[in-house]
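Undergrad: Below are the structure tokens for one structure; questions will follow.
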4 protein chains.
Amino acid sequence: MKYQNDKVSDINIAYIGGGSRGWAWGLMSDLADEQSMSGTMRLYDINFDAAKNNETIGNSIYDRDDIKGKWHYQAVKTIEEALRGADFVIMSIVPGSFKAMESDVHTPEKYGIFQAVGDTVGPGGILRAMRAVPIYRDFAKKIREICPDAWVINYTNPMTMCTRALYEEFPEIKAFGCCHEVFSSQILFTDILEEYFGIKNADRSDIKVNVLGINHFTWLDKVSYKGIDLIPYYEKFIDKCGDEGYLDSRQRVRDPEEMKYFGCWNLVKFDLFKRFGLVAAAGDRHLAEFVPPWYIDSPETVKKFKFALTPMKHRYEANEKKIEKGKRLASGEERFEIVKTGEEGVHQIKALVGLGDLVTNVNLPNRGQLEGFPSGAVVETNALFSRDAIHPVAAGKLPYGIQHLVMRHVINQEAVVKGAFAGDKEIIFRAFMNDPLVSHLKPERSRMLFDEMVNNTKEYLSGYQN
Amino acid sequence: MKYQNDKVSDINIAYIGGGSRGWAWGLMSDLADEQSMSGTMRLYDINFDAAKNNETIGNSIYDRDDIKGKWHYQAVKTIEEALRGADFVIMSIVPGSFKAMESDVHTPEKYGIFQAVGDTVGPGGILRAMRAVPIYRDFAKKIREICPDAWVINYTNPMTMCTRALYEEFPEIKAFGCCHEVFSSQILFTDILEEYFGIKNADRSDIKVNVLGINHFTWLDKVSYKGIDLIPYYEKFIDKCGDEGYLDSRQRVRDPEEMKYFGCWNLVKFDLFKRFGLVAAAGDRHLAEFVPPWYIDSPETVKKFKFALTPMKHRYEANEKKIEKGKRLASGEERFEIVKTGEEGVHQIKALVGLGDLVTNVNLPNRGQLEGFPSGAVVETNALFSRDAIHPVAAGKLPYGIQHLVMRHVINQEAVVKGAFAGDKEIIFRAFMNDPLVSHLKPERSRMLFDEMVNNTKEYLSGYQN
Amino acid sequence: MKYQNDKVSDINIAYIGGGSRGWAWGLMSDLADEQSMSGTMRLYDINFDAAKNNETIGNSIYDRDDIKGKWHYQAVKTIEEALRGADFVIMSIVPGSFKAMESDVHTPEKYGIFQAVGDTVGPGGILRAMRAVPIYRDFAKKIREICPDAWVINYTNPMTMCTRALYEEFPEIKAFGCCHEVFSSQILFTDILEEYFGIKNADRSDIKVNVLGINHFTWLDKVSYKGIDLIPYYEKFIDKCGDEGYLDSRQRVRDPEEMKYFGCWNLVKFDLFKRFGLVAAAGDRHLAEFVPPWYIDSPETVKKFKFALTPMKHRYEANEKKIEKGKRLASGEERFEIVKTGEEGVHQIKALVGLGDLVTNVNLPNRGQLEGFPSGAVVETNALFSRDAIHPVAAGKLPYGIQHLVMRHVINQEAVVKGAFAGDKEIIFRAFMNDPLVSHLKPERSRMLFDEMVNNTKEYLSGYQN
Amino acid sequence: MKYQNDKVSDINIAYIGGGSRGWAWGLMSDLADEQSMSGTMRLYDINFDAAKNNETIGNSIYDRDDIKGKWHYQAVKTIEEALRGADFVIMSIVPGSFKAMESDVHTPEKYGIFQAVGDTVGPGGILRAMRAVPIYRDFAKKIREICPDAWVINYTNPMTMCTRALYEEFPEIKAFGCCHEVFSSQILFTDILEEYFGIKNADRSDIKVNVLGINHFTWLDKVSYKGIDLIPYYEKFIDKCGDEGYLDSRQRVRDPEEMKYFGCWNLVKFDLFKRFGLVAAAGDRHLAEFVPPWYIDSPETVKKFKFALTPMKHRYEANEKKIEKGKRLASGEERFEIVKTGEEGVHQIKALVGLGDLVTNVNLPNRGQLEGFPSGAVVETNALFSRDAIHPVAAGKLPYGIQHLVMRHVINQEAVVKGAFAGDKEIIFRAFMNDPLVSHLKPERSRMLFDEMVNNTKEYLSGYQN
């Protein structure tokens, strides 16, 4: 990397999962829109053709007039090639396959367990972690060997356990997990700001929040815009539209087809506020999976709370469309649009190369930033990003009522990671049994479900001994 | 107190709840059987007549030939009189009334929640704590004022929260909680010792155990007799009689009528071992209340696991019988028998006055003795009792699978105590909702149950603001 | 307080020590220069005339054209009047008197102990703390009673122990300690930036630093300007001018008379870097007092390291001059100049009322922000200031070599505060004996020195029992 | 190992340093005197002939009538042979050579630094650790590989750092450090017991103590005999003989020649009690090295406090005598006497094989047993020894005045171990500079002394990079 005149050039980024259609294109777009940085991104994917396709797309825009940040893209055949000389490593992979995800999401339904996403906690999240942790352990080994000083940004779910696996293997790794769920709450608050103060078009990042919790289950105990404390207005807002729910401004402009599977009227979020007095930051589809099955014990309850159980069928179809789109982008049939994704990844990289400090929420091992939680467990709070440094911000404590709910997953997640490292399915099964979506099952039923899910995905679970 | 020639005389004991029929008589008997100590016990009870009755009983045996320890008994009308000059304070009370207990135990049944004991965790334990914690807070205030250097021994349930309340109010208090549940496991192991090694009549205290957990939910990761590791034999034993269950030698000689309500064939204990690989120390009636309702979701399941839901009806009847017996003992119609209770109380007092060190399990605020649990939470481990000192023994860590289960209650119990100190029922309700016997209920149903239970016992809950 | 259109009005500030000539005038000037805030400052001082004089000065500028921030000033006779309704409380007092300071600084010289400042650590710092802690304890009590939600900014030394006393008395207080010593290092680095990169007039606050330690003994393990890591250049710079030392650009323009007593050629700072590999952030006059008397065992050594032992004589004279200046300012004989002080106080207040987040160094109880140091001890690190919130930034660990040096003072300072709260001089004496400037004395000599210093200042030490 | 009828046979002990003349003979004697255990001890020493000599001695007594415990001894040529199949590993070695010790003890004298022992802290202790830690690291590697479940008992100094090195390399090692210094205080208290109560011949182990600190710098905050608190009598005793000092009964019967070099009149111990109010447990020769050079800044001061700086000359001579004695014992010219050493080693082994619980002081990584000290640092407190388990006893907190003094060494020792593991002399030098016997030296002088000591012993320091 070279710094000169407020710009940094020759940045090397390794993209693991570089054949990705969603994240990779977004990142390309954000990088293209940022004039202060340039360099090379090496794309590694177990599907080399997908990476190659992205190489073509990325390089095709290099000379376009609307491109401010100049990046070369290069698909590589081995992860080692990607990592060599990397300043940053970005990770966004599918652990296993769509077929494995299908088992994650739908097998539990036979046992009366429903999941909206199924990639974070719950039976699906735990099985996904069983596949992902060994992969991430390998990534950590390779990074230690090849580019130990690189900054590593993880986007893959289960976020907490993937990030934890990196640190478990290589404690000095400079890794963090990056997720946009908190942003959706900030957007909701910009709507509230407009509603009560008439302030339009406030930027999401002007809504200042204090973030406490774990990924997809973070809470906000402070929300303000400039001199205004927004929490009392949130309360009013819920009083007003708490029964109907509320579709925020950003969702209102989304593709209605998508909304069928991903839309969220915030009824779970509002209900959690009424019960616990704090703002749950993530979307309802995630939130419902973290608590006992109050909101998700049947498709009817889900309907009542106006969110959706995304079926794998939809994900297959959506993926097919992206593959087609990828081909068109690579062939030039379709123009690659530069659109701000709203993600923080590029801002974070910018801060880390020294181009301005940034405070944003991030997943990191607990070093005291979340009081009352075990040291080392990956938690999500704000952090200060600065040149070659991320310092988590001491977020304080969660109130007891919520600490329960979060701690249960923290202990579970620690156990799953340890179990995966030990190759010991029993440790993981005990966590599985203790998941709030599962724990009401008789142990025999938990065992049957677990065994069935393991069996369905056994080709991805070769490292387990028992 | 005066020490001379291996004896300590002039010991002052204050007995709070000194009208008690069970614990008080047992203590009198154990004291009478111990020749190295003598002194005065002042009996305080909100039922003064009951205390007076015990005074009569206690003093009536003073001159008997079979009495080795000479104690004077004195019923007093105020707690202050009892505490003045006390070297030891013993607490064994009923927080509230039998009627309140009836609500604790039976109201939840309407919501499909069953409890075998209902005084520790679960809806019953939490409501009982709501009544007990303010009382214990008052006790702590009085002790700080009148006898801050006294050793305080608590027998009242919910043990953890009563003891915690003492420390929350007066952090320097020298209090500990004392419970015999672990002994039942030691007795079971003496049976196993006889079974596999032919060693008969081994003393319970020769079974050396390492104790980890919280009261009524402790676990043993080491069990040995002299040079023999007994864990492998426990495993064999379970293989042999795991389906039928096993009634230990001590239970076999108990009153069959009693056994209907308190008997325990260890099927829950054995099942927990099979699942988690550690010995759960308490009896099945307690254990079943600490985990999700695997063993206790219906009377049928309870029957299958061969333990009992003790109905309040039985407690009323048993109490009546004790009242009658008390009258007979006081009048001399019935002779007070000196029988070893098997409790540790007198041994602990003996160690604390300097007459020999003792290692036994005890409930104390965590100062590191239970790794991975919050500092200050009351936990149960072994401790070394020595002259005017109790040093908990570092018990190590629970395995993840069990840590989950225990931590859930630890956080809950911390919350209940804080809520009771703050007079804030909402904090407590959030813990209530998170109890494993309750958490499968929809929040609305939890609310209804909680409100109903609070309403039933409201005369004992005057200090709560909301 | 009222927020509207990016401005906050009706802010109430209580200034304890409001007769101050240095800090008070600087604050008035900074407030006058900041257009987004307005309100009232109540000035309380044990010297009411001094406060009254400052009221006159403050109000005299209200209508001036160059004044952007409009503030009313009001001298009050009691601290209670000052605190009532306060949003912010500023504290800047002299604990005791100049005469007491004279004993602090000069009595130890008879024992061969020299101090450059004598208000932080060393014999002088500890005696000063003995006077200050009880005063601060009283402040905390009053704040708890009158304005528990106010933000409290302390400027008084010994910073750490004054701030610690506030929290010891009132753990929920929203207090922090504010000090500019770190800025001097940032200024030095702007000189280095110019030297090696030709970048002129970089702002101090563009030098990004990670701060670890305790007040006046903080260390920087990261120093950067945009994309440039400045640590390697610091090393080069020391190689170049390490023998001669270096007078930074800001000092070069100061009054040469002042420089005789306060000038600092950074030879101590450079030497510490050579020994320990980290940048010591404070000026040499402070640094020399924190380590064994390597740099300060005699006036000759001090001369060799090119810093000064500020004699009280100079402080008396300087104070006289300020009193005269105060009179002239109040009478209008001299015009009150609006000059940027470079202090952070007003920026911090601005952030706390919601007008933009700020990251700066601050003294706060350790909640994990300084790894390896006791929880609750007041430490100095960066913190994120946001609307009604300060979140310390996890600064990481000090290397062992430095951890020693810092921990020694942390334990000492904890002991001094506890000793002052207990009114127990012996606890304090044990810390005194262990101070690195004192510990080489034989215990008898330490005792003599301590007793002499206590005796000299006994009129300010009435609360001590032994 | 086999347990039967209260006896354990077939115990395998590996003795590293098995050519030792002091410890090895004592252990042989204690084992011979204990009828409940038997087995084989394999002796490994870098001096094979010395080990062989001990084999001869050990086996020669096997059939003697006065031998209750039957042990076979076998000298082996490699450490691997010794460790194979070991149930226990005993370590008692000389790290380096007597010549290196000569530098440790006497080189600092040129710089005005005197040491009575020079093997624990101070310049000598640190240099000795530099040699010992890499050796212990190797031991830990071999144990992990060959006998990971063996219990490891260390006797070598510097105790803390040797034991710490074992855990740093192999965190799951079952190692502890064993030292008799605390016993000397217990013996002193038996004298006091006789003086004030006329109780003669009380056993050392009947003096119950609570132990807090680090090896050779432990403190006792509780000392009792049965129902008697002995601390008040200690105070009286000091008042009575505090100026003259006191030679305890055990020392009075020692060889007067030995007493010239090892005798101790407890004047340092008494002085520390007067200053800090707690009983310092070790002998004066050790204590004087842990504090600033109050008692040891010159041979004159040492004489005044009536202890001795043991010269290496004496150690050479004493060693020669032991070599001669060894020859005589092996040849049968001199009879091997069975004398109780008073050491705890054999009792500890007995407890660990299951033959009765034992509470005694021991050096172990801090898991909370010493509040306020870092987790993992090796500390000395009581512990409960039980079958295959050692549970440290929570000893509580040291008062601030003493916490300072102890923490300084704890941090230093952590740094020395880390420095030795990193092969980085600079980390160690920073600790060296901070040692209380060294820190008054100018850094240049510290550097010279350190370099000279390193150079003197460089043949044992090959693993250091800088």
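In the structure tokens, chains take letters A, B, ... by order of appearance, with residues numbered from 1 within each chain and ligands from 1 in the order shown.
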Please, which residues of region 246-276 of chain C, numbered as in this document, come out alpha helix (DSSP H) from DSSP, as a PDB file with C-alpha atoms, in the first residue's frame?
TA:
ATOM      1  CA  SER C 249       7.143  24.589  17.817  1.00  0.00           C
ATOM      2  CA  ARG C 250       4.532  25.572  20.349  1.00  0.00           C
ATOM      3  CA  GLN C 251       7.038  25.968  23.130  1.00  0.00           C
ATOM      4  CA  ARG C 252       9.358  27.968  20.917  1.00  0.00           C
ATOM      5  CA  PRO C 256      10.926  32.688  27.677  1.00  0.00           C
ATOM      6  CA  GLU C 257      10.414  33.541  31.333  1.00  0.00           C
ATOM      7  CA  GLU C 258       7.765  30.839  31.559  1.00  0.00           C
ATOM      8  CA  MET C 259       9.991  28.432  29.699  1.00  0.00           C
ATOM      9  CA  LYS C 260      12.532  28.628  32.498  1.00  0.00           C
ATOM     10  CA  TYR C 261      10.023  26.931  34.765  1.00  0.00           C
ATOM     11  CA  PHE C 262       7.949  24.852  32.389  1.00  0.00           C
ATOM     12  CA  LEU C 267      14.908  14.207  26.756  1.00  0.00           C
ATOM     13  CA  VAL C 268      13.017  12.152  29.326  1.00  0.00           C
ATOM     14  CA  LYS C 269      10.381  11.243  26.767  1.00  0.00           C
ATOM     15  CA  PHE C 270      13.025  10.235  24.245  1.00  0.00           C
ATOM     16  CA  ASP C 271      14.927   8.230  26.820  1.00  0.00           C
ATOM     17  CA  LEU C 272      11.760   6.354  27.812  1.00  0.00           C
ATOM     18  CA  PHE C 273      11.145   5.528  24.162  1.00  0.00           C
ATOM     19  CA  LYS C 274      14.632   4.152  23.841  1.00  0.00           C
ATOM     20  CA  ARG C 275      14.130   1.989  26.921  1.00  0.00           C
ATOM     21  CA  PHE C 276      10.560   0.832  26.410  1.00  0.00           C
TER      22      PHE C 276
END
Undergrad: Specify as a compact mmCIF listing (two decimals) with C-alpha atoms, in the first residue's frame all residues of chain D found within 8 Å of chain C, counting only C-alpha atoms.
TA:
# COMPACT_ATOMS: atom_id res chain seq x y z
CA PHE D 276 1.94 -4.02 57.52
CA PRO D 292 13.15 -2.36 48.58
CA PRO D 293 16.60 -2.79 50.09
CA TRP D 294 15.52 -1.72 53.55
CA GLY D 372 -6.74 -9.03 42.79
CA PRO D 374 -3.86 -11.84 37.37
CA TYR D 400 -3.25 -2.76 49.70
CA GLY D 401 0.02 -2.12 51.48
CA GLN D 403 -0.60 -6.07 47.43
CA HIS D 404 1.82 -3.45 46.02
CA LEU D 405 4.85 -5.34 47.12
CA ARG D 408 5.41 -5.90 41.58
CA ILE D 411 4.25 -8.69 37.00
CA ASN D 412 8.01 -9.05 36.88
CA ALA D 415 7.47 -10.76 32.14
CA ILE D 427 11.61 -8.00 27.99
CA ARG D 430 12.80 -4.36 31.77
CA ALA D 431 11.67 -6.61 34.59
CA ASN D 434 12.02 -2.91 37.97
CA SER D 439 15.26 -0.08 40.57
CA HIS D 440 17.19 2.62 42.37
CA LEU D 441 20.12 2.13 39.99
CA LYS D 442 20.33 4.46 37.04
CA PRO D 443 19.23 2.64 33.92
Undergrad: Neighbours of Glu324 (chain A) within 12 Å (only C-alpha atoms; same-chain residues fewer than 4 positions away dropped), as a ChimeraX atom specification?
TA: /A:21,50,53,317-320,328-331,333-334
Undergrad: Write out, as a compact mmCIF listing (two decimals), in the first residue's frame, the residues just selected, with N, CA, C and O atoms.
TA:
# COMPACT_ATOMS: atom_id res chain seq x y z
N ARG A 21 -22.32 -13.59 -6.18
CA ARG A 21 -23.04 -12.63 -7.03
C ARG A 21 -23.54 -11.43 -6.25
O ARG A 21 -23.59 -10.33 -6.74
N ALA A 50 -17.17 -19.01 -11.65
CA ALA A 50 -17.89 -17.87 -11.08
C ALA A 50 -16.92 -16.74 -10.78
O ALA A 50 -17.20 -15.55 -11.02
N ASN A 53 -15.88 -15.15 -14.01
CA ASN A 53 -16.96 -14.28 -14.48
C ASN A 53 -16.89 -12.91 -13.79
O ASN A 53 -17.01 -11.86 -14.41
N GLU A 317 -34.53 -19.97 -6.81
CA GLU A 317 -34.95 -19.15 -7.96
C GLU A 317 -34.16 -17.86 -8.04
O GLU A 317 -33.69 -17.45 -9.10
N ALA A 318 -34.01 -17.22 -6.88
CA ALA A 318 -33.29 -15.95 -6.87
C ALA A 318 -31.85 -16.17 -7.33
O ALA A 318 -31.28 -15.35 -8.06
N ASN A 319 -31.29 -17.30 -6.94
CA ASN A 319 -29.92 -17.58 -7.32
C ASN A 319 -29.80 -17.78 -8.83
O ASN A 319 -28.86 -17.29 -9.47
N GLU A 320 -30.75 -18.50 -9.35
CA GLU A 320 -30.76 -18.72 -10.81
C GLU A 320 -30.75 -17.39 -11.55
O GLU A 320 -30.01 -17.18 -12.51
N ARG A 328 -24.93 -11.98 -18.18
CA ARG A 328 -25.19 -10.78 -18.99
C ARG A 328 -24.20 -9.67 -18.68
O ARG A 328 -23.73 -8.97 -19.55
N LEU A 329 -23.85 -9.52 -17.38
CA LEU A 329 -22.90 -8.47 -16.99
C LEU A 329 -21.53 -8.74 -17.61
O LEU A 329 -20.85 -7.83 -18.09
N ALA A 330 -21.14 -10.02 -17.57
CA ALA A 330 -19.81 -10.36 -18.09
C ALA A 330 -19.75 -10.19 -19.59
O ALA A 330 -18.75 -9.74 -20.15
N SER A 331 -20.84 -10.53 -20.24
CA SER A 331 -20.84 -10.44 -21.71
C SER A 331 -21.04 -9.02 -22.18
O SER A 331 -20.88 -8.70 -23.35
N GLU A 333 -23.87 -7.59 -22.14
CA GLU A 333 -25.27 -7.47 -22.52
C GLU A 333 -26.01 -6.53 -21.58
O GLU A 333 -26.89 -5.77 -21.98
N GLU A 334 -25.61 -6.58 -20.31
CA GLU A 334 -26.22 -5.70 -19.31
C GLU A 334 -25.13 -4.82 -18.72
O GLU A 334 -24.01 -5.28 -18.48
Undergrad: Might you pull out every residue within 8 Å of Leu461 (chain C), with only C-alpha atoms counted and same-chain residues fewer than 5 positions away left off, and present them as JSON, numbers by chain?
TA: {"C": [130, 131, 454]}
Undergrad: Based on the selection just made, write all heavy atoms of those residues as an mmCIF file, in the first residue's frame.
TA:
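Below is the file part-v4.cif, written as the result:
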data_model
loop_
_atom_site.group_PDB
_atom_site.id
_atom_site.type_symbol
_atom_site.label_atom_id
_atom_site.label_comp_id
_atom_site.auth_asym_id
_atom_site.auth_seq_id
_atom_site.Cartn_x
_atom_site.Cartn_y
_atom_site.Cartn_z
ATOM 1 N N MET C 130 -4.566 13.540 49.765
ATOM 2 C CA MET C 130 -5.152 13.431 51.111
ATOM 3 C C MET C 130 -6.073 14.624 51.402
ATOM 4 O O MET C 130 -7.064 14.486 52.120
ATOM 5 C CB MET C 130 -4.047 13.370 52.176
ATOM 6 C CG MET C 130 -3.320 12.044 52.199
ATOM 7 S SD MET C 130 -2.001 12.016 53.456
ATOM 8 C CE MET C 130 -2.986 11.814 54.963
ATOM 9 N N ARG C 131 -5.711 15.774 50.868
ATOM 10 C CA ARG C 131 -6.583 16.935 51.042
ATOM 11 C C ARG C 131 -7.756 16.900 50.072
ATOM 12 O O ARG C 131 -8.874 17.284 50.410
ATOM 13 C CB ARG C 131 -5.787 18.233 50.801
ATOM 14 C CG ARG C 131 -4.584 18.394 51.706
ATOM 15 C CD ARG C 131 -3.968 19.777 51.640
ATOM 16 N NE ARG C 131 -3.482 20.192 50.351
ATOM 17 C CZ ARG C 131 -2.263 19.937 49.862
ATOM 18 N NH1 ARG C 131 -1.383 19.223 50.574
ATOM 19 N NH2 ARG C 131 -1.901 20.373 48.686
ATOM 20 N N VAL C 454 2.519 15.725 56.722
ATOM 21 C CA VAL C 454 1.176 15.721 57.299
ATOM 22 C C VAL C 454 1.040 16.864 58.300
ATOM 23 O O VAL C 454 0.061 17.611 58.306
ATOM 24 C CB VAL C 454 0.884 14.356 57.969
ATOM 25 C CG1 VAL C 454 -0.311 14.453 58.913
ATOM 26 C CG2 VAL C 454 0.636 13.284 56.912
#
Undergrad: Can you list every residue in region 187-255 of chain A that DSSP puts in strand (DSSP E), as a list in words?
TA: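 Everything in region 187-255 of chain A that counts as strand (DSSP E) is Ile207, Lys208, Val209, Asn210, Val211, Leu212, Gly213, Ile214, Phe217, Thr218, Trp219, Leu220, Asp221, Lys222, Val223, Ser224, Tyr225, Ile228 and Asp229 of chain A.
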Undergrad: Residues of the last selection are to be written out with N, CA and C atoms, as an mmCIF file, in the first residue's frame.
TA:
data_model
loop_
_atom_site.group_PDB
_atom_site.id
_atom_site.type_symbol
_atom_site.label_atom_id
_atom_site.label_comp_id
_atom_site.auth_asym_id
_atom_site.auth_seq_id
_atom_site.Cartn_x
_atom_site.Cartn_y
_atom_site.Cartn_z
ATOM 1 N N ILE A 207 -28.134 8.866 12.675
ATOM 2 C CA ILE A 207 -28.824 8.276 13.830
ATOM 3 C C ILE A 207 -27.768 7.569 14.671
ATOM 4 N N LYS A 208 -27.430 8.158 15.813
ATOM 5 C CA LYS A 208 -26.348 7.610 16.636
ATOM 6 C C LYS A 208 -26.928 6.565 17.584
ATOM 7 N N VAL A 209 -26.314 5.404 17.577
ATOM 8 C CA VAL A 209 -26.836 4.324 18.401
ATOM 9 C C VAL A 209 -25.711 3.700 19.217
ATOM 10 N N ASN A 210 -26.064 3.203 20.385
ATOM 11 C CA ASN A 210 -25.129 2.366 21.132
ATOM 12 C C ASN A 210 -25.602 0.930 20.974
ATOM 13 N N VAL A 211 -24.698 0.077 20.520
ATOM 14 C CA VAL A 211 -25.039 -1.276 20.096
ATOM 15 C C VAL A 211 -24.517 -2.286 21.119
ATOM 16 N N LEU A 212 -25.382 -3.191 21.557
ATOM 17 C CA LEU A 212 -24.985 -4.223 22.524
ATOM 18 C C LEU A 212 -25.597 -5.565 22.149
ATOM 19 N N GLY A 213 -24.773 -6.594 22.061
ATOM 20 C CA GLY A 213 -25.342 -7.918 21.840
ATOM 21 C C GLY A 213 -24.469 -8.777 20.963
ATOM 22 N N ILE A 214 -25.134 -9.665 20.241
ATOM 23 C CA ILE A 214 -24.441 -10.538 19.312
ATOM 24 C C ILE A 214 -25.112 -10.386 17.956
ATOM 25 N N PHE A 217 -28.749 -10.213 16.911
ATOM 26 C CA PHE A 217 -29.502 -10.098 18.155
ATOM 27 C C PHE A 217 -28.881 -8.980 19.008
ATOM 28 N N THR A 218 -28.654 -7.876 18.348
ATOM 29 C CA THR A 218 -28.105 -6.691 19.013
ATOM 30 C C THR A 218 -29.252 -5.813 19.486
ATOM 31 N N TRP A 219 -28.941 -5.008 20.496
ATOM 32 C CA TRP A 219 -29.913 -4.124 21.102
ATOM 33 C C TRP A 219 -29.353 -2.719 21.170
ATOM 34 N N LEU A 220 -30.232 -1.747 21.159
ATOM 35 C CA LEU A 220 -29.822 -0.342 21.215
ATOM 36 C C LEU A 220 -30.379 0.282 22.487
ATOM 37 N N ASP A 221 -29.509 0.801 23.337
ATOM 38 C CA ASP A 221 -30.030 1.458 24.539
ATOM 39 C C ASP A 221 -29.962 2.976 24.444
ATOM 40 N N LYS A 222 -29.318 3.467 23.412
ATOM 41 C CA LYS A 222 -29.279 4.907 23.125
ATOM 42 C C LYS A 222 -29.532 5.077 21.638
ATOM 43 N N VAL A 223 -30.458 5.937 21.312
ATOM 44 C CA VAL A 223 -30.690 6.293 19.903
ATOM 45 C C VAL A 223 -30.938 7.792 19.868
ATOM 46 N N SER A 224 -30.104 8.502 19.130
ATOM 47 C CA SER A 224 -30.321 9.949 19.080
ATOM 48 C C SER A 224 -30.006 10.494 17.696
ATOM 49 N N TYR A 225 -30.580 11.637 17.434
ATOM 50 C CA TYR A 225 -30.217 12.399 16.234
ATOM 51 C C TYR A 225 -29.829 13.786 16.729
ATOM 52 N N ILE A 228 -31.390 15.325 19.853
ATOM 53 C CA ILE A 228 -32.688 14.709 20.155
ATOM 54 C C ILE A 228 -32.542 13.251 20.599
ATOM 55 N N ASP A 229 -33.079 12.939 21.745
ATOM 56 C CA ASP A 229 -33.169 11.548 22.193
ATOM 57 C C ASP A 229 -34.389 10.927 21.514
#
Undergrad: CA of Thr360 (chain D) to CA of Thr341 (chain D): how many Å, to one decimal?
TA: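 We find that CA of Thr360 (chain D) and CA of Thr341 (chain D) lie 15.9 Å from each other.
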Undergrad: Using only C-alpha atoms, which of the listed residues (B:Asp284, B:Glu80, B:Glu169, B:Asp388) sits closest to Trp265 (chain B)?
TA: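 Among the listed residues, the smallest separation from Trp265 (chain B) belongs to B:Asp284.
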Undergrad: Determine, counting only C-alpha atoms, which protein, DNA and RNA residues have an atom within 10 Å of an atom of Glu337 (chain B); residues of the same chain fewer than 2 positions away are not included. Present the result as a count of residues only.
TA: 10
Undergrad: I'd like the interatomic distance between CA of Val379 (chain A) and CA of Met41 (chain A), to a tenth of an Å.
TA: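 That distance, rounded to one decimal, is 28.7 Å.
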Undergrad: Find the distance between CA of Met28 (chain C) and CA of Ala51 (chain C) and write it in Å to one decimal.
TA: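 Pair CA of Met28 (chain C) / CA of Ala51 (chain C) returns 13.0 Å.
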